[in-house]
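Undergrad: The following file, final_20.cif, comprises mmCIF, C-alpha atoms:
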data_coords
loop_
_atom_site.label_atom_id
_atom_site.label_comp_id
_atom_site.auth_asym_id
_atom_site.auth_seq_id
_atom_site.Cartn_x
_atom_site.Cartn_y
_atom_site.Cartn_z
CA MET D 1 -8.69 72.77 -18.85
CA CYS D 2 -7.66 76.21 -17.75
CA ASP D 3 -7.08 78.45 -20.78
CA THR D 4 -5.03 80.94 -18.80
CA CYS D 5 -2.30 78.66 -17.64
CA GLY D 6 -3.07 75.34 -19.33
CA CYS D 7 -3.32 73.42 -16.11
CA GLY D 8 -5.79 70.61 -15.94
CA GLN D 9 -6.78 71.22 -12.38
CA ALA D 10 -10.44 70.65 -11.69
CA ASP D 11 -10.87 72.91 -8.70
CA GLU D 12 -11.00 76.14 -10.61
CA VAL D 13 -14.04 78.34 -10.89
CA SER D 14 -15.14 79.34 -14.37
CA ILE D 15 -17.86 81.72 -15.45
CA ARG D 16 -19.18 81.37 -18.95
CA LYS D 17 -22.14 82.25 -21.19
CA PRO D 18 -23.64 79.67 -23.57
CA GLY D 19 -22.03 79.75 -27.02
CA LYS D 20 -19.14 81.86 -25.79
CA GLU D 21 -15.54 81.17 -25.06
CA MET D 22 -14.54 81.03 -21.42
CA GLY D 23 -15.61 84.43 -20.12
CA LYS D 24 -14.02 84.79 -16.76
CA HIS D 25 -11.48 82.53 -15.26
CA VAL D 26 -11.17 82.96 -11.57
CA HIS D 27 -7.75 81.83 -10.53
CA THR D 28 -7.77 80.68 -6.99
CA HIS D 29 -5.20 77.93 -7.17
CA GLU D 30 -1.48 78.27 -6.99
CA HIS D 31 0.82 76.04 -8.90
CA LYS D 32 2.29 74.42 -5.89
CA GLU D 33 1.85 70.87 -4.93
CA ILE D 34 -0.17 70.36 -1.80
CA VAL D 35 1.40 67.54 0.11
CA HIS D 36 -0.28 66.12 3.13
CA THR D 37 2.49 65.69 5.62
CA HIS D 38 2.05 65.73 9.32
CA SER D 39 4.66 67.56 11.30
CA HIS D 40 3.63 66.09 14.61
CA GLU D 41 5.65 63.63 16.59
CA PRO D 42 4.47 60.02 16.39
CA GLY D 43 2.00 59.28 19.13
CA GLU D 44 1.22 62.93 19.70
CA SER D 45 -2.45 63.73 19.27
CA PRO D 46 -2.80 66.10 16.33
CA HIS D 47 -4.74 69.28 17.01
CA HIS D 48 -6.76 69.62 20.11
CA HIS D 49 -10.35 70.73 20.24
CA HIS D 50 -10.33 72.01 23.69
CA HIS D 51 -12.73 74.14 25.64
CA ASP D 52 -10.41 75.73 28.16
CA HIS D 53 -7.52 77.19 26.26
CA SER D 54 -5.03 78.61 28.74
CA HIS D 55 -3.22 81.69 27.59
CA ALA D 56 0.22 80.59 28.66
CA HIS D 57 2.18 81.00 25.49
CA ALA D 58 5.83 80.08 25.53
CA GLN D 59 6.83 82.67 22.99
CA GLY D 60 5.43 85.13 20.49
CA ARG D 61 2.96 87.98 20.57
CA GLU D 62 -0.74 87.49 20.79
CA ILE D 63 -2.90 89.53 18.44
CA LEU D 64 -6.59 89.79 19.16
CA VAL D 65 -8.45 89.22 15.90
CA GLU D 66 -12.13 88.61 16.76
CA GLN D 67 -13.07 88.40 13.10
CA ASP D 68 -15.98 86.50 11.65
CA VAL D 69 -14.65 83.99 9.14
CA LEU D 70 -17.55 84.65 6.78
CA MET D 71 -17.16 88.43 7.03
CA LYS D 72 -15.55 88.78 3.61
CA ASN D 73 -18.34 86.80 1.99
CA ASN D 74 -20.96 88.77 3.90
CA LEU D 75 -19.47 92.13 2.94
CA LEU D 76 -19.39 91.18 -0.73
CA ALA D 77 -22.95 89.89 -0.40
CA GLU D 78 -24.02 93.30 0.92
CA ARG D 79 -22.29 94.89 -2.04
CA ASN D 80 -24.22 92.62 -4.39
CA ARG D 81 -27.41 93.50 -2.53
CA GLY D 82 -26.73 97.20 -3.08
CA TYR D 83 -26.14 96.59 -6.77
CA PHE D 84 -29.37 94.61 -7.12
CA GLU D 85 -31.30 97.36 -5.38
CA ALA D 86 -29.82 100.04 -7.61
CA LYS D 87 -30.69 98.01 -10.70
CA ASN D 88 -34.17 97.19 -9.39
CA LEU D 89 -33.46 93.48 -9.43
CA ILE D 90 -35.14 91.00 -7.13
CA ALA D 91 -32.55 88.31 -6.55
CA LEU D 92 -33.61 84.82 -5.51
CA ASN D 93 -31.18 82.18 -4.29
CA LEU D 94 -32.62 78.79 -5.26
CA VAL D 95 -31.23 75.95 -3.17
CA SER D 96 -32.03 72.25 -3.04
CA SER D 97 -30.56 68.81 -3.29
CA PRO D 98 -29.72 67.64 -6.84
CA GLY D 99 -32.74 66.50 -8.83
CA SER D 100 -35.52 68.39 -7.03
CA GLY D 101 -36.39 70.25 -10.22
CA LYS D 102 -34.77 73.67 -9.82
CA THR D 103 -33.88 74.07 -13.48
CA SER D 104 -37.28 72.76 -14.66
CA LEU D 105 -39.00 75.22 -12.32
CA LEU D 106 -36.95 78.05 -13.79
CA GLU D 107 -37.58 76.98 -17.40
CA ARG D 108 -41.32 76.84 -16.91
CA THR D 109 -41.47 80.06 -14.87
CA ILE D 110 -39.52 81.97 -17.48
CA SER D 111 -41.60 80.56 -20.35
CA ASP D 112 -44.85 81.44 -18.61
CA LEU D 113 -43.87 84.87 -17.32
CA LYS D 114 -41.37 86.25 -19.81
CA ASP D 115 -43.93 88.62 -21.34
CA GLN D 116 -44.60 90.11 -17.91
CA HIS D 117 -41.16 90.18 -16.35
CA GLN D 118 -37.53 90.39 -17.32
CA PHE D 119 -35.44 87.47 -16.07
CA TYR D 120 -31.70 87.03 -15.65
CA VAL D 121 -30.25 83.71 -14.57
CA ILE D 122 -27.03 82.59 -12.91
CA GLU D 123 -26.57 78.82 -12.98
CA GLY D 124 -24.26 77.12 -10.51
CA ASP D 125 -22.95 73.59 -10.99
CA GLN D 126 -19.66 71.84 -10.40
CA GLN D 127 -19.34 70.98 -14.08
CA THR D 128 -21.07 71.34 -17.49
CA MET D 129 -22.93 74.09 -19.33
CA ASN D 130 -26.09 71.94 -19.50
CA ASP D 131 -28.30 74.06 -17.28
CA ALA D 132 -27.24 77.35 -18.87
CA GLU D 133 -27.97 75.87 -22.28
CA ARG D 134 -31.45 74.83 -21.15
CA ILE D 135 -32.16 78.37 -19.91
CA ASN D 136 -30.57 79.90 -23.01
CA LYS D 137 -33.22 78.16 -25.14
CA THR D 138 -35.88 80.28 -23.40
CA GLY D 139 -34.10 83.35 -24.79
CA THR D 140 -33.08 84.56 -21.32
CA GLU D 141 -29.80 86.19 -20.39
CA VAL D 142 -27.87 83.47 -18.53
CA VAL D 143 -24.39 82.79 -17.24
CA GLN D 144 -23.01 79.52 -15.92
CA ILE D 145 -20.66 79.29 -12.97
CA ASN D 146 -18.76 76.02 -12.77
CA THR D 147 -17.35 75.68 -9.30
CA GLY D 148 -15.01 72.78 -10.15
CA GLU D 149 -14.67 70.90 -6.90
CA GLY D 150 -16.55 73.62 -5.02
CA CYS D 151 -19.79 72.68 -3.33
CA HIS D 152 -21.50 76.08 -3.17
CA LEU D 153 -21.66 79.51 -4.75
CA ASP D 154 -20.22 82.43 -2.82
CA SER D 155 -20.84 86.14 -3.12
CA ASP D 156 -17.60 86.76 -5.02
CA MET D 157 -18.52 84.22 -7.73
CA VAL D 158 -21.94 85.87 -8.07
CA ARG D 159 -20.33 89.32 -8.26
CA ASN D 160 -18.10 88.13 -11.11
CA ALA D 161 -21.01 86.41 -12.86
CA ILE D 162 -23.18 89.55 -12.79
CA LYS D 163 -20.49 91.40 -14.74
CA GLU D 164 -21.04 88.93 -17.60
CA LEU D 165 -24.79 89.56 -17.73
CA ASN D 166 -26.29 92.40 -19.73
CA ILE D 167 -28.55 93.85 -17.06
CA GLY D 168 -31.02 96.23 -18.66
CA LYS D 169 -34.62 96.36 -17.50
CA PRO D 170 -35.58 95.71 -13.87
CA GLY D 171 -36.69 92.18 -13.13
CA PHE D 172 -35.77 88.96 -11.41
CA LEU D 173 -32.27 87.59 -11.00
CA MET D 174 -32.62 83.88 -10.42
CA ILE D 175 -29.50 82.33 -8.91
CA GLU D 176 -29.62 78.54 -9.11
CA ASN D 177 -27.16 77.30 -6.52
CA VAL D 178 -25.17 74.07 -6.68
CA GLY D 179 -27.45 71.13 -5.82
CA ASN D 180 -26.50 70.61 -2.19
CA LEU D 181 -28.52 71.08 0.99
CA VAL D 182 -25.52 71.55 3.26
CA CYS D 183 -22.87 74.03 2.18
CA PRO D 184 -24.85 76.76 0.35
CA ALA D 185 -26.72 77.46 3.60
CA LEU D 186 -23.75 79.34 5.03
CA PHE D 187 -23.11 81.64 2.10
CA ASP D 188 -25.17 84.79 1.66
CA LEU D 189 -25.06 85.82 -2.01
CA GLY D 190 -26.86 89.14 -1.55
CA GLU D 191 -30.24 87.67 -2.44
CA SER D 192 -33.58 89.24 -1.52
CA LYS D 193 -35.12 85.86 -0.71
CA ARG D 194 -33.86 82.33 -0.31
CA VAL D 195 -36.06 79.61 -1.75
CA VAL D 196 -35.47 76.00 -0.78
CA ILE D 197 -36.96 73.43 -3.14
CA MET D 198 -37.72 69.87 -2.13
CA SER D 199 -39.66 67.23 -4.01
CA THR D 200 -42.09 64.52 -3.06
CA THR D 201 -39.63 61.84 -4.18
CA GLU D 202 -37.36 62.83 -1.29
CA GLY D 203 -37.93 61.84 2.33
CA GLU D 204 -40.24 64.01 4.46
CA ASP D 205 -37.45 64.35 6.97
CA LYS D 206 -35.14 66.38 4.68
CA PRO D 207 -35.78 69.53 6.79
CA ALA D 208 -34.77 67.65 9.95
CA LYS D 209 -31.68 66.19 8.30
CA TYR D 210 -30.54 69.51 6.82
CA PRO D 211 -31.93 72.03 9.29
CA THR D 212 -29.46 74.86 8.59
CA MET D 213 -30.73 75.20 5.04
CA PHE D 214 -34.40 75.15 5.98
CA GLN D 215 -33.79 77.59 8.80
CA SER D 216 -32.20 80.13 6.48
CA ALA D 217 -34.92 79.92 3.78
CA ASP D 218 -37.87 82.28 3.30
CA LEU D 219 -39.94 79.96 1.13
CA CYS D 220 -40.11 76.20 0.68
CA VAL D 221 -41.37 74.97 -2.69
CA ILE D 222 -42.49 71.33 -2.66
CA ASN D 223 -42.30 70.08 -6.24
CA LYS D 224 -43.58 66.95 -8.03
CA ILE D 225 -46.99 66.85 -6.31
CA ASP D 226 -48.35 65.09 -9.42
CA LEU D 227 -46.50 62.00 -8.17
CA LEU D 228 -48.18 61.98 -4.73
CA PRO D 229 -50.65 59.17 -5.59
CA TYR D 230 -47.70 56.86 -6.28
CA LEU D 231 -45.62 57.75 -3.24
CA ASP D 232 -45.76 57.41 0.52
CA PHE D 233 -44.77 61.03 0.97
CA ASP D 234 -46.73 62.68 3.80
CA MET D 235 -46.99 66.40 3.08
CA GLN D 236 -47.98 67.38 6.61
CA VAL D 237 -45.07 65.47 8.16
CA ALA D 238 -42.63 67.23 5.83
CA LYS D 239 -44.09 70.63 6.73
CA ASP D 240 -44.07 69.85 10.44
CA TYR D 241 -40.37 69.03 10.31
CA ALA D 242 -39.64 72.26 8.48
CA MET D 243 -41.80 74.34 10.85
CA LYS D 244 -39.88 73.03 13.85
CA VAL D 245 -36.70 74.44 12.37
CA ASN D 246 -38.26 77.60 10.95
CA PRO D 247 -41.74 78.54 12.20
CA ASP D 248 -41.90 81.46 9.74
CA LEU D 249 -41.32 79.34 6.64
CA LYS D 250 -43.94 79.62 3.89
CA PHE D 251 -44.82 76.66 1.62
CA ILE D 252 -45.94 76.32 -1.97
CA GLU D 253 -46.91 72.89 -3.27
CA LEU D 254 -46.66 72.56 -7.02
CA SER D 255 -45.83 70.38 -9.96
CA VAL D 256 -43.71 71.88 -12.69
CA ARG D 257 -44.72 69.00 -14.96
CA SER D 258 -48.50 69.20 -14.60
CA GLY D 259 -48.63 72.91 -13.82
CA ASP D 260 -50.64 72.42 -10.60
CA GLY D 261 -49.86 75.10 -8.06
CA MET D 262 -47.72 77.15 -10.45
CA GLU D 263 -50.13 80.12 -10.19
CA VAL D 264 -49.46 80.26 -6.42
CA TRP D 265 -45.72 80.47 -7.11
CA TYR D 266 -46.33 83.18 -9.72
CA SER D 267 -48.39 85.26 -7.35
CA TRP D 268 -45.68 84.88 -4.70
CA LEU D 269 -43.19 86.24 -7.26
CA ASN D 270 -45.55 89.05 -8.28
CA ASN D 271 -45.99 90.09 -4.67
CA LEU D 272 -42.23 90.49 -4.33
CA LYS D 273 -42.32 93.11 -7.03
CA HIS D 274 -44.04 95.70 -4.87
CA MET C 275 -16.81 70.09 1.98
CA HIS C 276 -17.39 73.83 2.57
CA GLU C 277 -14.97 73.46 5.49
CA LEU C 278 -12.08 73.81 3.05
CA SER C 279 -13.19 77.25 1.93
CA ILE C 280 -13.78 78.15 5.58
CA ALA C 281 -10.26 76.92 6.46
CA MET C 282 -8.79 78.96 3.63
CA SER C 283 -10.60 82.07 4.90
CA ILE C 284 -9.25 81.42 8.41
CA VAL C 285 -5.69 81.18 7.10
CA GLU C 286 -6.23 84.33 5.01
CA ILE C 287 -7.48 86.26 8.06
CA ALA C 288 -4.59 85.01 10.23
CA ALA C 289 -2.02 85.92 7.56
CA GLU C 290 -3.55 89.36 7.05
CA TYR C 291 -3.41 90.21 10.77
CA ALA C 292 0.14 88.85 11.09
CA GLU C 293 1.36 90.88 8.12
CA LYS C 294 -0.31 94.00 9.50
CA ASP C 295 1.79 93.38 12.61
CA ASN C 296 4.95 92.97 10.49
CA SER C 297 5.27 89.32 11.28
CA ASP C 298 5.95 86.62 8.74
CA LYS C 299 5.27 83.64 10.95
CA VAL C 300 2.06 82.60 12.65
CA LEU C 301 2.57 80.24 15.59
CA GLU C 302 -0.98 79.71 16.75
CA ILE C 303 -4.51 80.35 15.53
CA GLU C 304 -7.40 80.32 17.94
CA ILE C 305 -10.70 79.51 16.26
CA GLU C 306 -14.21 79.62 17.71
CA VAL C 307 -16.89 77.40 16.23
CA GLY C 308 -20.48 77.40 17.44
CA GLU C 309 -22.21 74.04 17.85
CA LEU C 310 -24.86 75.05 15.32
CA SER C 311 -22.66 77.00 12.92
CA GLY C 312 -23.03 74.37 10.21
CA ILE C 313 -19.38 73.38 10.49
CA VAL C 314 -18.14 69.87 11.18
CA VAL C 315 -15.19 70.43 13.49
CA GLU C 316 -13.34 67.28 12.39
CA ALA C 317 -13.71 68.29 8.73
CA LEU C 318 -12.46 71.80 9.53
CA ASP C 319 -9.48 70.36 11.39
CA PHE C 320 -8.69 68.17 8.39
CA ALA C 321 -9.11 71.05 5.94
CA MET C 322 -6.79 73.28 7.99
CA ASP C 323 -3.94 70.84 7.29
CA ALA C 324 -4.25 71.57 3.58
CA ALA C 325 -5.11 75.26 3.93
CA VAL C 326 -1.96 76.24 5.86
CA LYS C 327 0.44 74.73 3.30
CA ASN C 328 2.69 77.27 1.60
CA THR C 329 1.44 80.13 3.75
CA ILE C 330 2.94 81.96 6.70
CA CYS C 331 0.68 79.77 8.83
CA GLU C 332 2.38 76.59 7.63
CA ASN C 333 3.87 75.78 11.01
CA ALA C 334 1.06 77.13 13.11
CA LYS C 335 -0.92 75.08 15.58
CA TRP C 336 -4.62 75.73 15.75
CA MET C 337 -7.07 75.40 18.57
CA ILE C 338 -10.75 75.05 17.91
CA SER C 339 -13.00 76.00 20.80
CA ILE C 340 -16.59 74.88 20.56
CA VAL C 341 -19.22 77.37 21.66
CA GLU C 342 -22.30 75.88 23.29
CA ALA C 343 -25.58 76.65 21.55
CA ARG C 344 -28.11 78.59 23.60
CA ALA C 345 -31.49 79.91 22.60
CA LYS C 346 -34.10 82.32 23.88
CA CYS C 347 -37.69 81.15 23.66
CA SER C 348 -39.87 83.57 21.72
CA SER C 349 -42.84 82.81 23.98
CA THR C 350 -41.42 82.62 27.51
CA GLY C 351 -38.27 84.71 27.00
CA LYS C 352 -36.29 82.11 28.95
CA THR C 353 -32.87 81.01 27.77
CA TYR C 354 -31.77 77.41 27.56
CA LYS C 355 -29.19 75.12 25.99
CA VAL C 356 -30.21 73.63 22.63
CA GLN C 357 -28.99 70.49 20.90
CA SER C 358 -30.33 71.27 17.46
CA LEU C 359 -32.08 73.93 15.40
CA TYR C 360 -35.38 72.24 16.17
CA SER C 361 -35.15 71.82 19.93
CA PRO C 362 -38.36 72.90 21.64
CA CYS C 363 -38.34 75.20 24.66
CA PRO C 364 -38.01 72.93 27.72
CA PHE C 365 -40.42 75.18 29.66
CA CYS C 366 -43.31 75.69 27.23
CA LYS C 367 -42.46 72.92 24.70
CA LYS C 368 -43.02 75.28 21.77
CA PHE C 369 -40.77 75.48 18.73
CA GLY C 370 -39.39 78.70 17.40
CA HIS C 371 -36.50 80.16 19.28
CA GLU C 372 -33.91 82.79 18.69
CA LEU C 373 -30.35 81.51 18.87
CA ILE C 374 -28.26 83.68 21.15
CA ALA C 375 -25.08 81.59 20.91
CA GLY C 376 -23.86 78.69 18.82
CA LYS C 377 -23.62 80.27 15.36
CA GLU C 378 -20.08 81.59 15.89
CA LEU C 379 -17.44 81.05 13.30
CA ARG C 380 -14.50 83.31 13.92
CA VAL C 381 -10.83 83.75 14.41
CA ARG C 382 -10.45 84.86 18.00
CA SER C 383 -6.73 85.51 18.16
CA ILE C 384 -3.42 84.58 16.66
CA LEU C 385 0.07 84.23 18.09
CA VAL C 386 2.88 85.52 15.90
CA GLU C 387 6.64 85.40 16.12
#
Before anything else, please render the file you have as structure tokens.
TA:
Amino acid sequence: MCDTCGCGQADEVSIRKPGKEMGKHVHTHEHKEIVHTHSHEPGESPHHHHHDHSHAHAQGREILVEQDVLMKNNLLAERNRGYFEAKNLIALNLVSSPGSGKTSLLERTISDLKDQHQFYVIEGDQQTMNDAERINKTGTEVVQINTGEGCHLDSDMVRNAIKELNIGKPGFLMIENVGNLVCPALFDLGESKRVVIMSTTEGEDKPAKYPTMFQSADLCVINKIDLLPYLDFDMQVAKDYAMKVNPDLKFIELSVRSGDGMEVWYSWLNNLKH
Amino acid sequence: MHELSIAMSIVEIAAEYAEKDNSDKVLEIEIEVGELSGIVVEALDFAMDAAVKNTICENAKWMISIVEARAKCSSTGKTYKVQSLYSPCPFCKKFGHELIAGKELRVRSILVE
């Protein structure tokens, strides 16, 4: 429930640290009922998707806008990027479908590398503090964004979340996006690199089914390789699909559980440092 | 699902431009969506219904024009129409192209009272 206004609406964004009261409440909803009524005449086709819009307007003034719809998000993302650079943070946007092992990958990476690097984590989920609590156990500075009904993080949410983190030493800012291979693809958060994670328990054709995400990624981590003997997953087929969408994509095969391939991931991270 | 936040941004942009022009009523919004922008036009159309409520765009009509996706082959330099992000070049059959159109997502113009 919203502690600012007491409404029980689920589509609010909240930003909160483990063990703390609601930190930031981002109020995006108005207390007005949204009623779906259609003002069109019966039989009239609703809104037309046409290709040849004629400019014969009956009344009114036309204003040329020519504005990118994502411009606001992109501008805020650039602002985040500037902040990360000034603070010497390498920000990674981790995207995947739910259950690929993003949080496990983070837990293990932080446990293995926390003596070498400083980590900060932003967790994104529709609901619960579960992931932030898991990261909190590693002793790492973490903040949870709950997007409510939202299906992705945007640069404004990340900007608000950073304000809750005590950023001291330079290091890595790991942003774990909402588990979703569709929507997060469109929203730049200001990250240095975008890492898409898939796992061997998913179909090899994930990159073909969700091409926008794979096209926008810099690295593809393929997790759960310890399960390969029990599955029909064909690694080369999966890579081929991804390469068709993004010929520059790099791959790291690993298993968070067994530890195989983790050193390759760690050296990829180390190479980002300088 | 992200179409709702996109629709809300469209309405915000339209309202901002109308208010700058001292108008309090938007009659039409012209939207351009590229074929490979990652937007489902039907979902956007549906989301617009909800997004315009209680705004100065409440009674506005919107037109969504779809921009054809075209790519330039990184090997041959030729341009061609693409169906998907993984369409090969029809001339050399190689993958890996640069999209030159089809990623658009913008408010082209509005009509105000």
Undergrad: When you get a sec, could you note down which chain C residues fall within 6 Å of chain D, using only C-alpha atoms, as a list in words?
TA: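 Taken together, these residues fit the definition: His276, Met337, Ile338, Ser339, Leu359, Tyr360, Phe369, Gly370, Leu379, Arg380, Val381, Arg382, Ser383, Ile384, Leu385, Val386 and Glu387 of chain C.
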Undergrad: Convert the output of the PyMOL selection byres ((chain D and resi 144) around 12) on the shown file into explicit residues, formatted as a PyMOL selection string.
TA: chain D and resi 13-25+120-136+141-143+145-148+153+157-158+160-162+164-165+174-178
Undergrad: I'd like the box whose edges run along x, y and z of the file and which contains every listed atom of region 281-297 of chain C, padded by 3 Å per side; could you state its centre and edge lengths in Å, one decimal, as AutoDock Vina command-line options?
TA:
--center_x -2.7 --center_y 85.5 --center_z 8.1 --size_x 21.9 --size_y 23.1 --size_z 15.0
Undergrad: Quick one: residues within 7 Å of (-37.7, 96.8, -14.9) (file frame), counting all atoms listed in the file, please, as a list of chain:residue names.
TA: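 Residues satisfying the cut-off, written out: D:Asn88, D:Gln118, D:Lys169, D:Pro170, D:Gly171.
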Undergrad: Provide the CA of Pro364 (chain C) to CA of Gly376 (chain C) distance in Å, to one decimal place.
TA: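 Result for CA of Pro364 (chain C) versus CA of Gly376 (chain C): 17.7 Å, one decimal.
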Undergrad: Give me, please, the distance in Å between CA of Ile305 (chain C) and CA of Asp188 (chain D), quoted to one decimal.
TA: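 Computing it gives 21.2 Å between the two atoms.
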Undergrad: Please evaluate the PyMOL selection byres ((chain D and resi 77-82) around 6) against the displayed coordinates and give the resulting residues as a count of residues only.
TA: 10
Undergrad: Could region 340-348 of chain C be completed with all heavy atoms and written as a compact mmCIF listing (two decimals), in the frame of the given file, please?
TA:
# COMPACT_ATOMS: atom_id res chain seq x y z
N ILE C 340 -15.19 75.08 20.95
CA ILE C 340 -16.59 74.88 20.56
C ILE C 340 -17.48 75.70 21.48
O ILE C 340 -17.36 75.61 22.71
CB ILE C 340 -16.94 73.39 20.60
CG1 ILE C 340 -16.08 72.68 19.52
CG2 ILE C 340 -18.41 73.14 20.32
CD1 ILE C 340 -15.76 71.26 19.81
N VAL C 341 -18.33 76.51 20.87
CA VAL C 341 -19.22 77.37 21.66
C VAL C 341 -20.58 76.69 21.78
O VAL C 341 -21.20 76.33 20.78
CB VAL C 341 -19.38 78.76 21.00
CG1 VAL C 341 -20.26 79.66 21.86
CG2 VAL C 341 -18.01 79.39 20.78
N GLU C 342 -21.02 76.52 23.01
CA GLU C 342 -22.30 75.88 23.29
C GLU C 342 -23.46 76.69 22.69
O GLU C 342 -23.45 77.91 22.75
CB GLU C 342 -22.44 75.82 24.81
CG GLU C 342 -23.62 75.05 25.31
CD GLU C 342 -23.63 75.01 26.84
OE1 GLU C 342 -24.17 75.96 27.44
OE2 GLU C 342 -23.10 74.04 27.41
N ALA C 343 -24.43 75.96 22.13
CA ALA C 343 -25.58 76.65 21.55
C ALA C 343 -26.63 76.94 22.62
O ALA C 343 -27.01 76.06 23.38
CB ALA C 343 -26.19 75.80 20.45
N ARG C 344 -27.06 78.20 22.66
CA ARG C 344 -28.11 78.59 23.60
C ARG C 344 -29.17 79.39 22.85
O ARG C 344 -28.87 80.11 21.90
CB ARG C 344 -27.54 79.46 24.74
CG ARG C 344 -26.56 78.69 25.64
CD ARG C 344 -26.27 79.47 26.93
NE ARG C 344 -27.44 79.62 27.78
CZ ARG C 344 -27.90 78.66 28.59
NH1 ARG C 344 -27.30 77.50 28.66
NH2 ARG C 344 -28.97 78.89 29.33
N ALA C 345 -30.40 79.22 23.29
CA ALA C 345 -31.49 79.91 22.60
C ALA C 345 -32.38 80.63 23.60
O ALA C 345 -32.37 80.34 24.80
CB ALA C 345 -32.32 78.91 21.82
N LYS C 346 -33.12 81.60 23.07
CA LYS C 346 -34.10 82.32 23.88
C LYS C 346 -35.47 82.00 23.30
O LYS C 346 -35.68 82.15 22.08
CB LYS C 346 -33.81 83.82 23.77
CG LYS C 346 -34.66 84.66 24.67
CD LYS C 346 -34.23 86.12 24.52
CE LYS C 346 -35.14 87.02 25.34
NZ LYS C 346 -34.84 88.42 25.12
N CYS C 347 -36.36 81.53 24.13
CA CYS C 347 -37.69 81.15 23.66
C CYS C 347 -38.47 82.41 23.30
O CYS C 347 -38.48 83.39 24.06
CB CYS C 347 -38.42 80.38 24.76
SG CYS C 347 -40.12 80.02 24.32
N SER C 348 -39.13 82.37 22.13
CA SER C 348 -39.87 83.57 21.72
C SER C 348 -41.16 83.74 22.50
O SER C 348 -41.75 84.81 22.50
CB SER C 348 -40.12 83.55 20.21
OG SER C 348 -40.38 82.25 19.75
